[in-house]
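Enquirer: One structure follows; several queries about it will come next.
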Amino acid sequence: MSSPATATSAPQRHWVALLFLIAVAAFFLIANNGAYHGYFLDDEMDNLVNTGELLPSDFLGGLLLPRYYTNNFRPAGHLFYRLMGDTFELRFAPYITAIHVLHLLNVLLLWLILRRLSLPLLGCCAGVLLFAFHMAVFDVYWKPMYVFDLLCGTFCLLALLFWMHDGWVFWLLCLLSSWLAFRSKEIAIMFPVALLVYELWFGKRRWLKLAPFLAISLWFGIQGLIHGSSLHADYSMSFNPVDIWHSAVYYASKLLVLPHELPPFQGALVLVGVIAVFLTAAFLVRDRRVLFGLTTFAAMLVPMLLLSNRLYGAYLYVPLIGVAIAFAAVSARYHLAIPIVFFALWIPWNYANLRHLRADALSQAEDRRRYVATLTELAHQHPEITSFIYEDGPFQLYGTKAVELWLHPDTQIIMVREEQPKPQGFLQSPRLAVLYWNNIQRRLEPVVRQDRLASYIELGPKAPVWQLGEGWFPLEGNFRWTGPHATAELDRPENASEFELKIIVNTLYLSRVPKGHLRVSINGVRAGDFDLTIDGVFTLRAKLPPGSAGRTQIAIDADPPYPSEEPKGIAVLAFGFPPKP
């Protein structure tokens, strides 16, 4: 008969494990509570809109068909966006709750895997703590756009846990999980390597059961190599040793949570140091579980090394599973003081980086929230507006367009930068707004196209650009350059007697155009000629030729043009028919 102490040791360990996992979850949620104050990014808005247009058959086909998607369609991750968008729309907090729950589920799955590897309580605690709170993958905890990596980690952990059990049911569950891992993110193409190594060192050499996993990876790997040239440049694979070295240096520095990109020599030292630590652990500890973890890490990192144009710390999330397994095995072989000293240094270092990363993540969150709120108000007040000129802001153009598509479902939205070519009749559209971002007051100030023409235009951010014809360059502060020939439309008042033109002439202009000349024409009739020979800010006035009130065509011609890559005319601050005193 066993002694009372022995009889109660297992239940005590279960309680210790439960309390430890609860403490880790609480620590993680408290440390990352600031994520709930964030807001959607461009890619997240784009994903919400694009997935909202898909049919259930699109997701079903994507999940089931063995097809390689060159447009980066990841059915499992994109289904997350569809379900969350349909349920919570643009309420951001539920998205963070979902990704935090998924991460903590992964922490629990890792714990079960470590226990299945017969690691003692100390080793399990060390491995789980390293994985649960690693600032290299900060973005996974704070940004829903990395849910693809998060879900890939979930399904890889599930697949590995199922593989560690015997029976056809577990084998089928493992196959399904690994398939969903790949349908979450392509990094899972290397996951069968982890199963192969496990089977070689810990399993029963079930090579036949392993064959379908290898065949699936081979199938998608071949498709990836065939279609790789058709992918966007950021997603193209590079087998250049220099590019691979650069990627390896980047991820080595992220693994140590070094906040800034290192100079080449320092980066090389960091990479060599990380490799040396891994090799030392593998040869000194002499535990196959260490080798298993490091092999898993290296295998899952390979796809990331080949994507040298897309280097993000969040991509370490799945490979970090292997590091956690190796670290757990190392911690289990040494005195308790070793992991205690490690975490006494590691956790403060992580938290210091968390504070820095948190400030950066929240720096524009409120700007983005107010930006979307203003766009929403504009959509309610002017639901007919579907054409937009984009002028800067906390969202990029494609993210802003995604917001408008969200607010105007099943509607064609046209959005261009002012300097971009515009569709025929774009500026004359009655459903037009200029999305001007006031960078000083940090707010969006939309300018809605008015039916009535202005009689006087100040060429600041809120100028009615739809009245500008050909020959105008983009806004520079509070002025615009004309081309050698520029036109505009104005509303001529009944009592107008003169035309006014405010221009800037600086010394650089005069050095290239010593004697410039401007001509102003009203409805094709010459109204005034002006010589430009001295620098300064000038208000030029011309008597109006006879004409009726109403819509009036203005032309400004500069001769000779100001020489530049694209010839220019003159810098204009304002023009039009000034009101009578």
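In the structure tokens, each chain is lettered A, B, ... as it comes, each chain's residues begin at 1, and ligands are numbered from 1 in order of appearance.
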For the interface of range 298-398 of chain A with range 32-47 of chain A (cut-off 7 Å, counting only C-alpha atoms), please tabulate each contacting residue of range 298-398 of chain A alongside its nearest pair of atoms and their separation in Å to one decimal, rows sorted by chain and increasing number, as CSV.

Expert:
```
residue,atom,partner,partner_atom,distance
A:Leu362,CA,A:Gly38,CA,5.7
A:Ala365,CA,A:Tyr39,CA,5.1
A:Arg368,CA,A:Tyr39,CA,6.7
A:Arg369,CA,A:Tyr39,CA,6.3
A:Phe395,CA,A:Asp42,CA,6.0
A:Gln396,CA,A:Asp42,CA,6.6
A:Tyr398,CA,A:Asp42,CA,7.0
```

Enquirer: Using only all heavy atoms, please write the residues we just selected to a file, as a JSON list (two decimals), in the first residue's frame.

Expert:
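Once written, out.json looks like this:
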```json
[["chain", "number", "residue", "atom", "x", "y", "z"],
["A", 362, "LEU", "N", -0.59, 51.76, -30.08],
["A", 362, "LEU", "CA", -1.73, 52.62, -29.73],
["A", 362, "LEU", "C", -1.57, 54.05, -30.25],
["A", 362, "LEU", "O", -2.48, 54.87, -30.07],
["A", 362, "LEU", "CB", -1.90, 52.66, -28.21],
["A", 362, "LEU", "CG", -2.26, 51.33, -27.54],
["A", 362, "LEU", "CD1", -2.36, 51.51, -26.02],
["A", 362, "LEU", "CD2", -3.57, 50.78, -28.09],
["A", 365, "ALA", "N", -4.19, 54.49, -32.92],
["A", 365, "ALA", "CA", -5.45, 53.75, -32.79],
["A", 365, "ALA", "C", -6.64, 54.70, -32.65],
["A", 365, "ALA", "O", -7.67, 54.52, -33.30],
["A", 365, "ALA", "CB", -5.38, 52.81, -31.59],
["A", 368, "ARG", "N", -7.43, 56.35, -35.95],
["A", 368, "ARG", "CA", -8.16, 55.46, -36.86],
["A", 368, "ARG", "C", -9.62, 55.33, -36.44],
["A", 368, "ARG", "O", -10.51, 55.28, -37.28],
["A", 368, "ARG", "CB", -7.48, 54.09, -36.92],
["A", 368, "ARG", "CG", -6.11, 54.09, -37.56],
["A", 368, "ARG", "CD", -5.63, 52.70, -37.90],
["A", 368, "ARG", "NE", -5.51, 51.85, -36.73],
["A", 368, "ARG", "CZ", -4.44, 51.77, -35.96],
["A", 368, "ARG", "NH1", -3.37, 52.51, -36.22],
["A", 368, "ARG", "NH2", -4.41, 50.96, -34.91],
["A", 369, "ARG", "N", -9.84, 55.26, -35.14],
["A", 369, "ARG", "CA", -11.22, 55.13, -34.65],
["A", 369, "ARG", "C", -12.04, 56.37, -35.02],
["A", 369, "ARG", "O", -13.18, 56.26, -35.50],
["A", 369, "ARG", "CB", -11.21, 54.90, -33.14],
["A", 369, "ARG", "CG", -12.59, 54.63, -32.54],
["A", 369, "ARG", "CD", -12.51, 54.35, -31.06],
["A", 369, "ARG", "NE", -12.01, 53.00, -30.79],
["A", 369, "ARG", "CZ", -10.79, 52.72, -30.35],
["A", 369, "ARG", "NH1", -9.92, 53.70, -30.12],
["A", 369, "ARG", "NH2", -10.41, 51.48, -30.12],
["A", 395, "PHE", "N", -5.28, 55.78, -42.08],
["A", 395, "PHE", "CA", -5.43, 54.63, -42.97],
["A", 395, "PHE", "C", -4.79, 54.98, -44.31],
["A", 395, "PHE", "O", -4.84, 56.13, -44.76],
["A", 395, "PHE", "CB", -6.92, 54.31, -43.22],
["A", 395, "PHE", "CG", -7.59, 53.60, -42.09],
["A", 395, "PHE", "CD1", -8.34, 54.32, -41.17],
["A", 395, "PHE", "CD2", -7.50, 52.23, -41.94],
["A", 395, "PHE", "CE1", -8.97, 53.69, -40.12],
["A", 395, "PHE", "CE2", -8.13, 51.59, -40.89],
["A", 395, "PHE", "CZ", -8.87, 52.31, -39.97],
["A", 396, "GLN", "N", -4.20, 53.96, -44.95],
["A", 396, "GLN", "CA", -3.74, 54.15, -46.30],
["A", 396, "GLN", "C", -4.94, 54.14, -47.25],
["A", 396, "GLN", "O", -6.07, 53.87, -46.83],
["A", 396, "GLN", "CB", -2.74, 53.05, -46.68],
["A", 396, "GLN", "CG", -1.49, 53.04, -45.81],
["A", 396, "GLN", "CD", -0.52, 51.97, -46.24],
["A", 396, "GLN", "OE1", -0.18, 51.83, -47.41],
["A", 396, "GLN", "NE2", -0.05, 51.17, -45.27],
["A", 398, "TYR", "N", -5.93, 52.05, -49.59],
["A", 398, "TYR", "CA", -6.69, 50.80, -49.72],
["A", 398, "TYR", "C", -7.47, 50.49, -48.46],
["A", 398, "TYR", "O", -8.56, 49.90, -48.50],
["A", 398, "TYR", "CB", -5.76, 49.65, -50.10],
["A", 398, "TYR", "CG", -4.94, 49.06, -48.98],
["A", 398, "TYR", "CD1", -5.39, 47.93, -48.29],
["A", 398, "TYR", "CD2", -3.72, 49.60, -48.63],
["A", 398, "TYR", "CE1", -4.62, 47.37, -47.27],
["A", 398, "TYR", "CE2", -2.95, 49.05, -47.62],
["A", 398, "TYR", "CZ", -3.41, 47.95, -46.95],
["A", 398, "TYR", "OH", -2.66, 47.40, -45.94]]
```

Enquirer: I'd like the neighbourhood of range 97-110 of chain A as a PyMOL selection string, where a residue qualifies if any of its atoms comes within 8 Å (using only C-alpha atoms), though same-chain residues fewer than 2 positions away should be ignored.

Expert: chain A and resi 21+25+29+93-95+112-114+128+131-132+140-141+144+147+150-151+153-154+157-158+161+321

Enquirer: Could you take the residues named above and write them with C-alpha atoms, as an mmCIF file, in the first residue's frame?

Expert:
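File selection.cif, as written:
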```cif
data_model
loop_
_atom_site.group_PDB
_atom_site.id
_atom_site.type_symbol
_atom_site.label_atom_id
_atom_site.label_comp_id
_atom_site.auth_asym_id
_atom_site.auth_seq_id
_atom_site.Cartn_x
_atom_site.Cartn_y
_atom_site.Cartn_z
ATOM 1 C CA LEU A 21 -1.976 27.959 -15.889
ATOM 2 C CA ALA A 25 -3.490 33.439 -18.234
ATOM 3 C CA LEU A 29 -4.342 39.247 -19.967
ATOM 4 C CA ALA A 93 -12.776 44.511 -28.443
ATOM 5 C CA PRO A 94 -14.424 41.155 -29.372
ATOM 6 C CA TYR A 95 -11.710 40.551 -31.958
ATOM 7 C CA LEU A 112 -0.612 18.874 -22.722
ATOM 8 C CA ILE A 113 2.062 18.152 -25.327
ATOM 9 C CA LEU A 114 4.850 18.748 -22.829
ATOM 10 C CA VAL A 128 4.691 27.266 -21.311
ATOM 11 C CA PHE A 131 5.639 30.550 -25.166
ATOM 12 C CA ALA A 132 2.837 32.442 -23.412
ATOM 13 C CA VAL A 140 -0.171 38.288 -32.690
ATOM 14 C CA TYR A 141 -1.566 39.338 -29.304
ATOM 15 C CA PRO A 144 -6.291 40.481 -35.594
ATOM 16 C CA VAL A 147 -4.939 35.439 -36.730
ATOM 17 C CA LEU A 150 -2.486 32.069 -34.449
ATOM 18 C CA LEU A 151 -4.835 29.528 -36.030
ATOM 19 C CA GLY A 153 -0.378 27.356 -34.310
ATOM 20 C CA THR A 154 -3.646 26.038 -32.863
ATOM 21 C CA LEU A 157 -0.551 21.877 -31.698
ATOM 22 C CA LEU A 158 -3.768 19.877 -32.014
ATOM 23 C CA LEU A 161 -1.171 16.165 -29.653
ATOM 24 C CA ILE A 321 6.401 26.098 -30.304
#
```

Enquirer: I want to know what sits within 8 Å of Asn523 in chain A, based on only C-alpha atoms, with residues of the same chain fewer than 2 positions away left out; could you give that as a PyMOL selection string?

Expert: chain A and resi 521+525+552-555

Enquirer: Please produce an output containing N, CA, C and O atoms for each residue in the selection, written as a PDB file, in the first residue's frame.

Expert:
```pdb
ATOM      1  N   SER A 521      -6.702  84.642 -68.879  1.00  0.00           N
ATOM      2  CA  SER A 521      -7.789  84.767 -69.849  1.00  0.00           C
ATOM      3  C   SER A 521      -9.100  84.401 -69.177  1.00  0.00           C
ATOM      4  O   SER A 521      -9.164  83.458 -68.372  1.00  0.00           O
ATOM      5  N   VAL A 525     -10.911  85.306 -73.446  1.00  0.00           N
ATOM      6  CA  VAL A 525     -10.531  86.685 -73.735  1.00  0.00           C
ATOM      7  C   VAL A 525      -9.407  87.092 -72.787  1.00  0.00           C
ATOM      8  O   VAL A 525      -9.518  86.915 -71.567  1.00  0.00           O
ATOM      9  N   THR A 552     -17.920  80.582 -65.493  1.00  0.00           N
ATOM     10  CA  THR A 552     -16.884  81.289 -66.239  1.00  0.00           C
ATOM     11  C   THR A 552     -15.624  80.433 -66.325  1.00  0.00           C
ATOM     12  O   THR A 552     -15.203  79.833 -65.325  1.00  0.00           O
ATOM     13  N   GLN A 553     -15.005  80.393 -67.480  1.00  0.00           N
ATOM     14  CA  GLN A 553     -13.779  79.638 -67.704  1.00  0.00           C
ATOM     15  C   GLN A 553     -12.570  80.547 -67.499  1.00  0.00           C
ATOM     16  O   GLN A 553     -12.506  81.649 -68.063  1.00  0.00           O
ATOM     17  N   ILE A 554     -11.638  80.079 -66.705  1.00  0.00           N
ATOM     18  CA  ILE A 554     -10.410  80.812 -66.402  1.00  0.00           C
ATOM     19  C   ILE A 554      -9.230  80.040 -66.980  1.00  0.00           C
ATOM     20  O   ILE A 554      -9.183  78.811 -66.881  1.00  0.00           O
ATOM     21  N   ALA A 555      -8.267  80.756 -67.563  1.00  0.00           N
ATOM     22  CA  ALA A 555      -7.036  80.126 -68.041  1.00  0.00           C
ATOM     23  C   ALA A 555      -5.846  80.937 -67.547  1.00  0.00           C
ATOM     24  O   ALA A 555      -5.862  82.176 -67.600  1.00  0.00           O
TER      25      ALA A 555
END
```

Enquirer: What's the 7 Å shell around Leu119 in chain A, counting only C-alpha atoms, without same-chain residues fewer than 4 positions away, as a PyMOL selection string?

Expert: chain A and resi 114-115+123-124+329+332

Enquirer: Please determine, counting only C-alpha atoms, which residue among A:Pro421, A:Gly393, A:Gly477, A:Pro259 has the shortest atom-to-atom distance to Leu573 in chain A.

Expert: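 Smallest separation from Leu573 in chain A among the options: A:Gly477.
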
Enquirer: Where does DSSP see helix (DSSP H, G or I) in range 190-385 of chain A, if you list the residues as a PyMOL selection string?

Expert: chain A and resi 190-201+207-230+233-235+241-255+264-285+288-306+313-316+319-332+337-362+365-381

Enquirer: Figure out the distance between CA of Met135 in chain A and CA of Leu345 in chain A, please, to one decimal in Å.

Expert: 13.8 Å

Enquirer: Report the residues of range 325-454 of chain A whose backbone DSSP state falls under strand (DSSP E), written as number ranges by chain.

Expert: A: 387-391, 414-417, 432-438, 443-448

Enquirer: So which residues touch Leu121 in chain A within 10 Å, counting only C-alpha atoms, skipping near sequence neighbours fewer than 5 positions away, as a ChimeraX atom specification?

Expert: /A:13-14,16-17,111,114-115,126,328,332

Enquirer: What's the separation between CA of Pro430 in chain A and CA of Glu458 in chain A, in Å to one decimal place?

Expert: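 Interatomic distance, CA of Pro430 in chain A to CA of Glu458 in chain A: 21.1 Å.
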
Enquirer: Find the residue from A:Lys401, A:Arg289, A:Arg310, A:Arg492 that sits nearest to His246 in chain A; use only C-alpha atoms when measuring.

Expert: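 With only C-alpha atoms as the atom set, the closest residue is A:Arg310.
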
Enquirer: Of the candidates A:Ala373, A:Ile504, A:Phe577, A:Tyr69, which shows the shortest atom-to-atom distance to Arg91 in chain A, using only C-alpha atoms?

Expert: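 Ranked by minimum distance to Arg91 in chain A, first place goes to A:Ala373.
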
Enquirer: Find the spatial neighbours of Leu279 in chain A, counting only C-alpha atoms, within a cut-off of 12 Å - ignore same-chain residues fewer than 6 positions away - and output them as a list of chain:residue names.

Expert: A:Val272, A:Gly273, A:Val285, A:Arg286, A:Val290, A:Leu291, A:Leu294, A:Thr295, A:Ala326

Enquirer: Could you check which of A:Val520, A:Ile30, A:Val257, A:Ile189 is closest to Leu218 in chain A, using only C-alpha atoms?

Expert: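 Between A:Val520, A:Ile30, A:Val257, A:Ile189, the residue approaching Leu218 in chain A most closely is A:Ile189.
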
Enquirer: Residues near Val302 in chain A, anyone? I mean within 10 Å using only C-alpha atoms, not counting same-chain ones fewer than 5 positions away, as a PyMOL selection string.

Expert: chain A and resi 187+189-190+244+247-248+297+307+319

Enquirer: Deliver the residues from the most recent selection as a file, using all heavy atoms, as a compact mmCIF listing (two decimals), in the first residue's frame.

Expert:
```
# COMPACT_ATOMS: atom_id res chain seq x y z
N ILE A 187 2.88 28.18 -43.80
CA ILE A 187 4.04 27.73 -43.03
C ILE A 187 3.88 26.28 -42.57
O ILE A 187 4.85 25.56 -42.36
CB ILE A 187 4.26 28.66 -41.81
CG1 ILE A 187 5.56 28.31 -41.09
CG2 ILE A 187 3.09 28.59 -40.86
CD1 ILE A 187 5.85 29.23 -39.92
N ILE A 189 3.32 23.82 -44.15
CA ILE A 189 3.83 22.86 -45.13
C ILE A 189 4.99 22.06 -44.55
O ILE A 189 5.26 20.93 -44.97
CB ILE A 189 4.25 23.59 -46.42
CG1 ILE A 189 4.42 22.62 -47.57
CG2 ILE A 189 5.53 24.39 -46.20
CD1 ILE A 189 4.66 23.28 -48.90
N MET A 190 5.69 22.60 -43.55
CA MET A 190 6.83 21.91 -42.94
C MET A 190 6.44 21.14 -41.68
O MET A 190 7.30 20.49 -41.08
CB MET A 190 7.92 22.93 -42.59
CG MET A 190 8.50 23.66 -43.79
SD MET A 190 9.24 22.53 -45.00
CE MET A 190 10.64 21.91 -44.06
N ILE A 244 18.67 34.72 -47.58
CA ILE A 244 18.39 33.78 -46.50
C ILE A 244 19.15 34.17 -45.24
O ILE A 244 18.61 34.12 -44.11
CB ILE A 244 18.73 32.34 -46.93
CG1 ILE A 244 17.80 31.91 -48.08
CG2 ILE A 244 18.62 31.37 -45.76
CD1 ILE A 244 18.15 30.56 -48.67
N SER A 247 17.41 37.07 -43.62
CA SER A 247 16.21 36.63 -42.91
C SER A 247 16.58 35.96 -41.59
O SER A 247 15.93 36.19 -40.56
CB SER A 247 15.41 35.65 -43.79
OG SER A 247 15.01 36.25 -44.99
N ALA A 248 17.61 35.12 -41.62
CA ALA A 248 18.03 34.41 -40.41
C ALA A 248 18.50 35.39 -39.33
O ALA A 248 18.18 35.23 -38.14
CB ALA A 248 19.13 33.40 -40.74
N PHE A 297 11.47 23.74 -34.56
CA PHE A 297 11.68 25.17 -34.76
C PHE A 297 12.33 25.44 -36.10
O PHE A 297 11.87 26.29 -36.88
CB PHE A 297 12.55 25.74 -33.63
CG PHE A 297 13.09 27.11 -33.90
CD1 PHE A 297 12.26 28.22 -33.83
CD2 PHE A 297 14.42 27.30 -34.25
CE1 PHE A 297 12.75 29.50 -34.09
CE2 PHE A 297 14.92 28.57 -34.51
CZ PHE A 297 14.09 29.67 -34.43
N LEU A 307 11.16 33.88 -47.49
CA LEU A 307 10.36 35.08 -47.78
C LEU A 307 11.10 36.30 -47.26
O LEU A 307 10.70 36.94 -46.29
CB LEU A 307 8.98 34.97 -47.15
CG LEU A 307 8.09 33.84 -47.68
CD1 LEU A 307 6.82 33.74 -46.86
CD2 LEU A 307 7.76 34.07 -49.15
N PRO A 319 6.92 28.67 -35.20
CA PRO A 319 8.24 28.12 -34.85
C PRO A 319 8.54 28.18 -33.36
O PRO A 319 9.29 27.34 -32.84
CB PRO A 319 9.22 28.98 -35.66
CG PRO A 319 8.43 29.46 -36.83
CD PRO A 319 7.04 29.67 -36.29
```

Enquirer: Separation of CA of Leu435 in chain A and CA of Val447 in chain A, in Å?

Expert: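 The value is 6.6 Å.
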